[in-house]
Amino acid sequence: MEVEYAEAVTEPQENKNGFIFKTLTGGTVACVEHCGTYENIASAYAALFKWLTVSGYQMAGAVRERFIHGAWDRKSVADWLVEIQIPLHKREDTL
């Protein structure tokens with residue numbers, strides 16, 4: 001599974017040091033927010049993938065993690081917040 005880090009910027013920069021700037025296009029995504037330590041973020045992924053399966057969707061692109069709060073702006077790990085985004089589309093067998 002490929003994961004992309006998503007961060008809003010005021011303008012694209014030159015790609016360097018492994019960072020690639022791109023403009024995200026419209027589309028449908030499923031999201032879940034994970035609060036707390038990154039050590040147990042797998043449970044958020046599991047819940048999101050379970051929802052995709054039972055709701056008749058499948059992935060349509062790379063997973064994105066949007067880090068909203070972390071060590072840079074929160075003293076307590078309990079206040080860290082990550083939004084997991086999965087581009088999706090309806091499975092053909094459910095149309």
# chains A, B, ... in the order shown; residues from 1 in each chain; ligands from 1
>>> select_by_dssp(residues="chain A", states="strand (DSSP E or B)", output="ChimeraX atom specification")
/A:3-5,16,19,29-35,57-59,63-69,81-90
>>> residues_around(residues="range 7-22 of chain A", least_positions_apart="4", cutoff="12 Å", atoms="only C-alpha atoms", output="list in words")
Arg64, Glu65, Arg66, Phe67, Ile68, His69, Val82 and Glu83 of chain A
>>> write_last_selection(atoms="all heavy atoms", output="CSV table (one decimal), in the first residue's frame")
chain,number,residue,atom,x,y,z
A,64,ARG,N,-3.7,8.9,1.8
A,64,ARG,CA,-3.0,10.1,2.3
A,64,ARG,C,-3.2,10.3,3.8
A,64,ARG,O,-4.3,10.0,4.3
A,64,ARG,CB,-3.6,11.4,1.6
A,64,ARG,CG,-3.4,11.4,0.1
A,64,ARG,CD,-3.9,12.7,-0.5
A,64,ARG,NE,-5.3,13.0,-0.4
A,64,ARG,CZ,-6.2,12.7,-1.3
A,64,ARG,NH1,-5.8,12.1,-2.4
A,64,ARG,NH2,-7.5,13.0,-1.1
A,65,GLU,N,-2.2,10.7,4.5
A,65,GLU,CA,-2.2,11.0,5.9
A,65,GLU,C,-2.0,12.5,6.0
A,65,GLU,O,-1.0,13.0,5.6
A,65,GLU,CB,-1.2,10.3,6.7
A,65,GLU,CG,-1.4,8.8,6.7
A,65,GLU,CD,-0.4,8.0,7.5
A,65,GLU,OE1,0.6,8.6,7.9
A,65,GLU,OE2,-0.6,6.8,7.8
A,66,ARG,N,-3.0,13.2,6.7
A,66,ARG,CA,-2.9,14.6,6.9
A,66,ARG,C,-2.7,14.8,8.4
A,66,ARG,O,-3.6,14.6,9.2
A,66,ARG,CB,-4.2,15.3,6.4
A,66,ARG,CG,-4.2,16.8,6.6
A,66,ARG,CD,-5.5,17.4,6.0
A,66,ARG,NE,-5.7,18.7,6.5
A,66,ARG,CZ,-6.6,19.0,7.4
A,66,ARG,NH1,-7.5,18.1,7.8
A,66,ARG,NH2,-6.7,20.2,7.8
A,67,PHE,N,-1.5,15.2,8.7
A,67,PHE,CA,-1.1,15.5,10.1
A,67,PHE,C,-1.6,16.8,10.6
A,67,PHE,O,-1.1,17.8,10.1
A,67,PHE,CB,0.4,15.3,10.3
A,67,PHE,CG,0.8,13.9,10.1
A,67,PHE,CD1,1.1,13.4,8.8
A,67,PHE,CD2,1.0,13.0,11.2
A,67,PHE,CE1,1.4,12.1,8.6
A,67,PHE,CE2,1.4,11.7,11.0
A,67,PHE,CZ,1.6,11.2,9.7
A,68,ILE,N,-2.6,16.9,11.4
A,68,ILE,CA,-3.2,18.1,11.9
A,68,ILE,C,-2.6,18.7,13.1
A,68,ILE,O,-2.3,19.8,13.2
A,68,ILE,CB,-4.7,17.9,12.1
A,68,ILE,CG1,-5.4,17.4,10.7
A,68,ILE,CG2,-5.4,19.1,12.6
A,68,ILE,CD1,-6.8,16.9,10.9
A,69,HIS,N,-2.4,17.8,14.1
A,69,HIS,CA,-1.7,18.2,15.3
A,69,HIS,C,-0.7,17.1,15.7
A,69,HIS,O,-0.9,15.9,15.5
A,69,HIS,CB,-2.7,18.3,16.5
A,69,HIS,CG,-3.6,19.4,16.3
A,69,HIS,ND1,-3.3,20.7,16.2
A,69,HIS,CD2,-5.0,19.4,16.2
A,69,HIS,CE1,-4.4,21.5,16.0
A,69,HIS,NE2,-5.4,20.7,16.0
A,82,VAL,N,-4.4,12.9,13.3
A,82,VAL,CA,-4.1,12.6,11.9
A,82,VAL,C,-5.4,12.2,11.2
A,82,VAL,O,-6.2,11.5,11.8
A,82,VAL,CB,-3.2,11.3,11.8
A,82,VAL,CG1,-2.9,11.0,10.4
A,82,VAL,CG2,-1.9,11.6,12.6
A,83,GLU,N,-5.6,12.8,10.0
A,83,GLU,CA,-6.7,12.4,9.2
A,83,GLU,C,-6.2,11.5,8.1
A,83,GLU,O,-5.3,11.8,7.4
A,83,GLU,CB,-7.4,13.6,8.6
A,83,GLU,CG,-8.6,13.3,7.7
A,83,GLU,CD,-9.1,14.5,7.0
A,83,GLU,OE1,-8.4,15.2,6.2
A,83,GLU,OE2,-10.3,14.8,7.2
>>> atom_distance(atom1="CA of Arg91 in chain A", atom2="CA of Val32 in chain A")
20.1 Å
>>> closest_residue(among="A:Glu92, A:Trp80, A:Ile86, A:Thr53", to="Ile41 in chain A", atoms="only C-alpha atoms")
A:Trp80
>>> closest_residue(among="A:Ala47, A:Leu52, A:Asp93, A:Trp72", to="Val29 in chain A", atoms="only C-alpha atoms")
A:Leu52
>>> select_by_dssp(residues="chain A", states="helix (DSSP H, G or I)", output="count of residues only")
23
>>> closest_residue(among="A:Tyr45, A:Ser55, A:Gly36, A:Lys90", to="Lys75 in chain A", atoms="only C-alpha atoms")
A:Gly36
>>> closest_residue(among="A:Gln85, A:Ser76, A:Thr37, A:Thr28", to="Phe49 in chain A", atoms="only C-alpha atoms")
A:Gln85
>>> closest_residue(among="A:Lys50, A:Gly27, A:His34, A:Glu39", to="His89 in chain A", atoms="only C-alpha atoms")
A:Gly27
